[in-house]
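Asks: What follows is final.tsv, made up of TSV, C-alpha atoms:
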```tsv
chain	number	residue	atom	x	y	z
A	1	MET	CA	114.30	106.61	123.85
A	2	LYS	CA	112.04	106.07	126.82
A	3	TYR	CA	113.63	103.91	129.51
A	4	ALA	CA	112.27	102.05	132.52
A	5	LEU	CA	114.31	100.52	135.33
A	6	LEU	CA	113.37	97.56	137.54
A	7	VAL	CA	115.12	97.76	140.92
A	8	GLN	CA	115.10	94.63	143.10
A	9	GLY	CA	117.98	95.29	145.50
A	10	ALA	CA	117.72	96.73	149.00
A	11	PRO	CA	119.32	100.14	149.53
A	12	TYR	CA	122.65	100.13	151.43
A	13	SER	CA	122.79	96.30	151.36
A	14	GLN	CA	123.43	95.68	147.70
A	15	GLN	CA	124.81	97.65	144.79
A	16	ALA	CA	121.65	97.46	142.66
A	17	SER	CA	120.15	100.83	143.72
A	18	HIS	CA	123.46	102.63	143.21
A	19	SER	CA	124.01	101.04	139.79
A	20	ALA	CA	120.45	101.92	138.76
A	21	LEU	CA	120.83	105.55	139.86
A	22	ARG	CA	124.11	105.99	138.03
A	23	PHE	CA	122.60	104.37	134.94
A	24	ALA	CA	119.66	106.79	135.25
A	25	SER	CA	121.99	109.82	135.24
A	26	ALA	CA	123.92	108.48	132.27
A	27	LEU	CA	120.85	107.78	130.14
A	28	ILE	CA	119.49	111.26	130.85
A	29	ALA	CA	122.87	112.76	129.94
A	30	ARG	CA	122.60	110.94	126.58
A	31	GLY	CA	119.28	112.63	125.84
A	32	HIS	CA	116.92	109.77	126.76
A	33	THR	CA	114.02	110.03	129.18
A	34	LEU	CA	113.48	107.89	132.25
A	35	GLY	CA	109.75	107.21	132.27
A	36	THR	CA	109.45	104.78	135.15
A	37	VAL	CA	111.35	103.12	137.97
A	38	PHE	CA	109.60	100.02	139.32
A	39	PHE	CA	110.65	98.78	142.77
A	40	TYR	CA	110.13	95.08	143.46
A	41	HIS	CA	111.25	92.50	146.06
A	42	ASP	CA	113.67	94.13	148.56
A	43	GLY	CA	113.88	97.08	146.17
A	44	VAL	CA	110.71	98.42	147.81
A	45	TYR	CA	112.82	99.65	150.75
A	46	ASN	CA	114.08	102.37	148.39
A	47	ALA	CA	110.68	104.02	148.84
A	48	SER	CA	110.77	104.50	152.62
A	49	ARG	CA	110.33	108.18	153.49
A	50	LEU	CA	111.62	107.31	156.98
A	51	ALA	CA	115.09	106.39	155.73
A	52	THR	CA	117.61	108.67	157.43
A	53	PRO	CA	121.11	107.96	156.13
A	54	PRO	CA	124.13	109.85	157.53
A	55	GLN	CA	124.53	113.24	155.85
A	56	ASP	CA	127.86	112.33	154.26
A	57	GLU	CA	126.41	109.29	152.50
A	58	PRO	CA	124.24	109.15	149.36
A	59	ASN	CA	120.58	109.69	150.15
A	60	LEU	CA	118.96	107.17	147.84
A	61	VAL	CA	115.32	108.06	148.60
A	62	GLU	CA	116.11	111.71	147.88
A	63	ALA	CA	117.90	110.77	144.65
A	64	TRP	CA	114.83	108.88	143.38
A	65	ARG	CA	112.59	111.77	144.36
A	66	ARG	CA	114.81	114.18	142.44
A	67	LEU	CA	114.37	112.07	139.29
A	68	HIS	CA	110.65	112.52	139.63
A	69	GLN	CA	111.00	116.27	140.08
A	70	GLU	CA	113.40	116.76	137.19
A	71	GLN	CA	112.17	114.14	134.72
A	72	GLY	CA	108.61	113.42	135.80
A	73	THR	CA	109.73	109.82	136.35
A	74	SER	CA	107.00	107.59	137.82
A	75	LEU	CA	108.22	105.84	140.96
A	76	LEU	CA	106.14	102.67	141.19
A	77	VAL	CA	106.33	100.31	144.16
A	78	CYS	CA	104.93	96.78	144.01
A	79	ILE	CA	102.18	96.76	146.61
A	80	ALA	CA	102.39	93.03	147.38
A	81	ALA	CA	106.14	93.20	147.98
A	82	ALA	CA	105.81	96.44	149.97
A	83	LEU	CA	102.98	95.65	152.38
A	84	ARG	CA	104.58	92.53	153.78
A	85	ARG	CA	107.77	94.52	154.44
A	86	GLY	CA	106.00	97.34	156.27
A	87	ILE	CA	106.38	99.73	153.35
A	88	ILE	CA	102.82	101.09	153.39
A	89	ASP	CA	101.21	104.39	152.48
A	90	GLU	CA	98.66	106.35	154.50
A	91	ARG	CA	95.68	104.64	152.88
A	92	GLU	CA	96.97	101.12	153.56
A	93	ALA	CA	97.89	102.13	157.12
A	94	ARG	CA	94.31	103.19	157.72
A	95	ARG	CA	92.91	100.10	156.10
A	96	HIS	CA	95.05	97.79	158.25
A	97	GLY	CA	94.80	99.84	161.44
A	98	LYS	CA	98.50	100.71	161.60
A	99	GLU	CA	100.05	103.88	162.95
A	100	GLY	CA	102.42	105.74	160.64
A	101	HIS	CA	103.31	105.15	157.02
A	102	ALA	CA	106.51	104.80	155.02
A	103	VAL	CA	105.40	105.63	151.47
A	104	GLU	CA	104.32	109.02	150.25
A	105	SER	CA	104.15	110.80	146.91
A	106	PRO	CA	105.94	110.80	144.48
A	107	PHE	CA	106.28	107.07	145.23
A	108	GLU	CA	103.10	105.13	144.44
A	109	LEU	CA	102.01	101.68	145.56
A	110	THR	CA	100.82	99.78	142.54
A	111	GLY	CA	100.09	96.30	141.25
A	112	LEU	CA	102.50	94.04	139.41
A	113	GLY	CA	100.33	94.47	136.32
A	114	GLN	CA	101.84	97.94	135.98
A	115	LEU	CA	105.20	96.29	135.32
A	116	ILE	CA	103.68	94.50	132.32
A	117	ASP	CA	102.34	97.85	131.08
A	118	VAL	CA	105.79	99.39	131.50
A	119	HIS	CA	107.16	96.72	129.18
A	120	THR	CA	104.81	97.78	126.38
A	121	THR	CA	104.94	101.56	126.89
A	122	HIS	CA	108.73	102.02	127.19
A	123	ASP	CA	111.47	101.34	124.63
A	124	ARG	CA	113.90	99.73	127.07
A	125	LEU	CA	113.54	98.00	130.45
A	126	VAL	CA	116.75	97.34	132.37
A	127	THR	CA	116.78	95.21	135.54
A	128	PHE	CA	119.08	95.90	138.50
A	129	SER	CA	119.05	93.00	140.96
A	130	PRO	CA	121.09	92.04	144.00
B	131	MET	CA	120.76	91.27	119.40
B	132	LEU	CA	120.29	91.04	123.16
B	133	LEU	CA	122.49	92.60	125.80
B	134	HIS	CA	123.06	90.22	128.72
B	135	ILE	CA	124.00	91.92	131.97
B	136	LEU	CA	125.88	89.81	134.52
B	137	ASN	CA	126.72	90.74	138.12
B	138	ARG	CA	128.08	87.37	139.29
B	139	SER	CA	131.69	86.16	139.17
B	140	PRO	CA	132.48	82.70	137.76
B	141	ALA	CA	134.53	82.15	140.95
B	142	SER	CA	131.46	82.19	143.19
B	143	SER	CA	128.47	81.33	141.01
B	144	ARG	CA	127.21	79.09	138.21
B	145	VAL	CA	125.10	81.94	136.84
B	146	PRO	CA	127.80	83.12	134.37
B	147	PHE	CA	127.78	79.65	132.79
B	148	ASP	CA	123.98	79.72	132.48
B	149	ALA	CA	124.23	83.13	130.83
B	150	LEU	CA	126.83	81.90	128.34
B	151	ARG	CA	124.69	78.88	127.47
B	152	ALA	CA	121.66	81.11	126.85
B	153	MET	CA	123.44	83.66	124.67
B	154	GLY	CA	122.68	83.86	120.96
B	155	ASP	CA	125.44	84.07	118.33
B	156	ASN	CA	125.33	87.86	118.10
B	157	ASP	CA	124.37	88.67	121.69
B	158	ARG	CA	126.65	90.73	123.88
B	159	LEU	CA	127.58	90.40	127.54
B	160	LEU	CA	128.32	93.19	130.02
B	161	LEU	CA	130.08	92.43	133.31
B	162	LEU	CA	129.22	94.78	136.17
B	163	GLU	CA	129.27	94.90	139.99
B	164	ASP	CA	130.90	91.65	141.24
B	165	GLY	CA	130.70	90.33	137.69
B	166	VAL	CA	133.85	92.33	136.88
B	167	TYR	CA	135.96	89.77	138.78
B	168	GLY	CA	135.39	87.61	135.72
B	169	ALA	CA	137.30	90.13	133.59
B	170	VAL	CA	140.62	89.26	135.23
B	171	ALA	CA	142.83	86.24	134.36
B	172	PRO	CA	142.42	83.34	134.85
B	173	LEU	CA	138.64	83.75	135.31
B	174	ALA	CA	138.43	85.72	132.06
B	175	GLU	CA	138.99	82.44	130.17
B	176	THR	CA	135.42	81.54	131.11
B	177	PHE	CA	134.30	83.96	128.41
B	178	ALA	CA	136.73	82.88	125.67
B	179	SER	CA	133.86	81.74	123.43
B	180	ILE	CA	132.37	85.25	123.15
B	181	ARG	CA	135.54	87.17	122.36
B	182	GLY	CA	134.70	90.55	120.79
B	183	ARG	CA	131.24	90.57	122.37
B	184	ILE	CA	132.17	91.07	126.02
B	185	PHE	CA	132.29	94.38	127.87
B	186	VAL	CA	133.22	95.43	131.40
B	187	LEU	CA	131.89	98.38	133.37
B	188	LYS	CA	134.96	100.46	134.12
B	189	GLU	CA	133.82	102.11	137.35
B	190	ASP	CA	133.02	98.75	138.99
B	191	LEU	CA	136.45	97.49	137.95
B	192	VAL	CA	138.11	100.60	139.38
B	193	SER	CA	136.14	100.48	142.64
B	194	ARG	CA	137.42	96.93	143.21
B	195	GLY	CA	141.04	97.92	142.62
B	196	LEU	CA	141.23	95.95	139.36
B	197	GLU	CA	141.88	98.74	136.90
B	198	HIS	CA	144.36	97.68	134.19
B	199	ARG	CA	144.10	94.10	135.45
B	200	GLN	CA	141.42	93.04	132.96
B	201	ALA	CA	142.20	90.57	130.17
B	202	GLU	CA	142.84	92.19	126.79
B	203	THR	CA	139.77	90.47	125.35
B	204	MET	CA	137.61	92.69	127.57
B	205	GLU	CA	136.35	96.00	126.23
B	206	LEU	CA	135.97	98.70	128.89
B	207	VAL	CA	132.86	100.88	128.91
B	208	ASP	CA	131.80	103.67	131.26
B	209	MET	CA	128.18	104.26	132.36
B	210	GLN	CA	127.44	106.13	129.14
B	211	GLY	CA	128.92	103.22	127.23
B	212	PHE	CA	126.57	100.91	129.15
B	213	VAL	CA	123.62	103.07	128.04
B	214	ALA	CA	124.93	102.94	124.45
B	215	LEU	CA	124.98	99.13	124.61
B	216	THR	CA	121.32	99.14	125.69
B	217	GLU	CA	120.50	101.46	122.78
B	218	GLN	CA	122.05	99.04	120.30
B	219	ALA	CA	120.37	95.96	121.76
B	220	THR	CA	116.68	95.27	121.18
B	221	GLN	CA	116.28	94.05	124.78
B	222	THR	CA	118.36	93.42	127.86
B	223	VAL	CA	118.51	90.33	130.06
B	224	SER	CA	119.90	90.62	133.59
B	225	TRP	CA	121.58	87.59	135.20
B	226	TYR	CA	121.94	87.59	138.98
```
For this file, produce the structure as structure tokens.
Replies:
Amino acid sequence: MKYALLVQGAPYSQQASHSALRFASALIARGHTLGTVFFYHDGVYNASRLATPPQDEPNLVEAWRRLHQEQGTSLLVCIAAALRRGIIDEREARRHGKEGHAVESPFELTGLGQLIDVHTTHDRLVTFSP
Amino acid sequence: MLLHILNRSPASSRVPFDALRAMGDNDRLLLLEDGVYGAVAPLAETFASIRGRIFVLKEDLVSRGLEHRQAETMELVDMQGFVALTEQATQTVSWY
């Protein structure tokens, strides 16, 4: 089956990201595919390329990126939730005259409408919230 | 059949009671994260009405030092068991 995950918890503050990542590994191990992870609310902080956790702790951003590399999982970030939290990509930085950016490929800023699409194009959608 | 996923304990939140009220006759409930506190007596009595349809995520129970403390009405599942529950349900509903 094709799965999608909705992640709404901030990394390192709540358990949601960790639960979602472990669920992702388990569903892949059972032969399913993980088509999409959608980051919403404080979940958008999972997409920050500037996150620099200690080396002996789980690197959540890296773990998401690895899912994209291994599974082709789309990593979608709600643009409205992200911009107001400073989680912007290069294009938005230019548009708003900001220096630096926090989002880069394979994470993509996208509209909330994509989440509705995910609902119709995947077999299961599981929400992980704080 | 829906799978309801609950990460709140009845000791600290009213959300578990909302979830129970919303559940259909065949729906199932999975306790995870802080929700696993509800698997231990006397809080486990909260879920007496859905006996046989309630599951607990083992690793969250273990990480809180509650292994073997769960009520006998609770069925333990690991992460793969959690995935299996989502396979069997038509949809999932997360309560938080």
Asks: Would you work out the distance separating atom CA of B:Glu163 from atom CA of A:Thr52, expressed in Å to one decimal?
Replies: 25.1 Å
Asks: What separation in Å, quoted to one decimal, exists between atom CA of B:Phe185 and atom CA of A:Gln15?
Replies: 18.8 Å
Asks: For chain B, list the residues within 8 Å of chain A, counting only C-alpha atoms, and write the list as a short mmCIF file (atom, residue, chain, number, x, y, z; two decimals) with C-alpha atoms, in the coordinates of the input.
Replies:
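selection_0.cif written:
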```
data_model
loop_
_atom_site.label_atom_id
_atom_site.label_comp_id
_atom_site.auth_asym_id
_atom_site.auth_seq_id
_atom_site.Cartn_x
_atom_site.Cartn_y
_atom_site.Cartn_z
CA GLU B 163 129.27 94.90 139.99
CA MET B 209 128.18 104.26 132.36
CA GLN B 210 127.44 106.13 129.14
CA PHE B 212 126.57 100.91 129.15
CA VAL B 213 123.62 103.07 128.04
CA THR B 216 121.32 99.14 125.69
CA THR B 220 116.68 95.27 121.18
CA GLN B 221 116.28 94.05 124.78
CA THR B 222 118.36 93.42 127.86
CA VAL B 223 118.51 90.33 130.06
CA SER B 224 119.90 90.62 133.59
CA TYR B 226 121.94 87.59 138.98
#
```
Asks: Would you compute the distance between atom CA of A:Tyr12 and atom CA of B:Arg144? Give it in Å to one decimal.
Replies: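 Taking atom CA of A:Tyr12 and atom CA of B:Arg144, their separation equals 25.3 Å.
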Asks: Which neighbours of stretch 157-159 of chain B fall inside 7 Å, counting only C-alpha atoms, when residues of the same chain fewer than 6 positions from it are skipped, and could you give them as a list of chain:residue names?
Replies: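 Residues near the query, excluding close chain neighbours: B:Met131, B:Leu132, B:Leu133, B:His134, B:Ile135, B:Arg183, B:Ile184, B:Phe185.
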Asks: Would you please work out which residue, of A:Arg49, A:Arg95, A:His122, A:Arg85, is nearest to A:Phe107 when using all atoms listed in the file?
Replies: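 Selected residue with least distance to A:Phe107: A:Arg49.
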Asks: Just the residues within 9 Å of A:Gly43, please, counting all atoms listed in the file, with nothing from its chain fewer than 4 positions along; format it as a list in words.
Replies: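 The residues satisfying every condition are Leu6, Val7, Gln8, Gly9, Ala10, Pro11, Ala16, Ser17, Phe38, Phe39, Ala47, Val77, Ala81, Ala82 and Ser129 of chain A.
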Asks: Restricting the output to C-alpha atoms, write the selected residues as a PDB file, keeping the file's coordinate frame.
Replies:
```pdb
ATOM      1  CA  LEU A   6     113.370  97.560 137.540  1.00  0.00           C
ATOM      2  CA  VAL A   7     115.120  97.760 140.920  1.00  0.00           C
ATOM      3  CA  GLN A   8     115.100  94.630 143.100  1.00  0.00           C
ATOM      4  CA  GLY A   9     117.980  95.290 145.500  1.00  0.00           C
ATOM      5  CA  ALA A  10     117.720  96.730 149.000  1.00  0.00           C
ATOM      6  CA  PRO A  11     119.320 100.140 149.530  1.00  0.00           C
ATOM      7  CA  ALA A  16     121.650  97.460 142.660  1.00  0.00           C
ATOM      8  CA  SER A  17     120.150 100.830 143.720  1.00  0.00           C
ATOM      9  CA  PHE A  38     109.600 100.020 139.320  1.00  0.00           C
ATOM     10  CA  PHE A  39     110.650  98.780 142.770  1.00  0.00           C
ATOM     11  CA  ALA A  47     110.680 104.020 148.840  1.00  0.00           C
ATOM     12  CA  VAL A  77     106.330 100.310 144.160  1.00  0.00           C
ATOM     13  CA  ALA A  81     106.140  93.200 147.980  1.00  0.00           C
ATOM     14  CA  ALA A  82     105.810  96.440 149.970  1.00  0.00           C
ATOM     15  CA  SER A 129     119.050  93.000 140.960  1.00  0.00           C
TER      16      SER A 129
END
```
Asks: Choose the residue, out of B:Leu215, B:Val166, B:Ala141, B:Leu160, that has the smallest atom-to-atom separation from B:Val192; count all atoms listed in the file.
Replies: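 Closest candidate: B:Val166.
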Asks: What's the 9 Å shell around A:Leu67, counting only C-alpha atoms, without same-chain residues fewer than 5 positions away, as a list in words?
Replies: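 What passes the distance filter is Ala24, Ser25, Leu34, Glu62, Gly72, Thr73, Ser74 and Leu75 of chain A.
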Asks: Have a look at B:Leu136, B:Leu173, B:Leu162, B:Ala178 and name the one nearest to B:Arg199; count all atoms listed in the file.
Replies: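 Among B:Leu136, B:Leu173, B:Leu162, B:Ala178, it is B:Leu173 that comes nearest to B:Arg199.
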Asks: I'd like the neighbourhood of A:Glu108 as an mmCIF file with C-alpha atoms, in the frame of the given file, where a residue qualifies if any of its atoms comes within 8 Å (using all atoms listed in the file), though same-chain residues fewer than 2 positions away should be ignored.
Replies:
```
data_model
loop_
_atom_site.group_PDB
_atom_site.id
_atom_site.type_symbol
_atom_site.label_atom_id
_atom_site.label_comp_id
_atom_site.auth_asym_id
_atom_site.auth_seq_id
_atom_site.Cartn_x
_atom_site.Cartn_y
_atom_site.Cartn_z
ATOM 1 C CA LEU A 75 108.220 105.840 140.960
ATOM 2 C CA LEU A 76 106.140 102.670 141.190
ATOM 3 C CA VAL A 77 106.330 100.310 144.160
ATOM 4 C CA VAL A 103 105.400 105.630 151.470
ATOM 5 C CA GLU A 104 104.320 109.020 150.250
ATOM 6 C CA SER A 105 104.150 110.800 146.910
ATOM 7 C CA PRO A 106 105.940 110.800 144.480
ATOM 8 C CA THR A 110 100.820 99.780 142.540
#
```
Asks: Considering only C-alpha atoms, can you say which of B:Arg138, B:Lys188, B:Arg181, B:Arg151 comes closest to B:Gly165?
Replies: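 For B:Gly165, the nearest of the given residues is B:Arg138.
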Asks: Draw an axis-aligned box tight on the listed atoms of stretch 97-108 of chain A, then pad every side by 6 Å and write out centre and edge lengths in Å to one decimal as lines of an AutoDock Vina configuration file.
Replies:
```
center_x = 100.7
center_y = 105.3
center_z = 153.7
size_x = 23.7
size_y = 23.0
size_z = 30.5
```
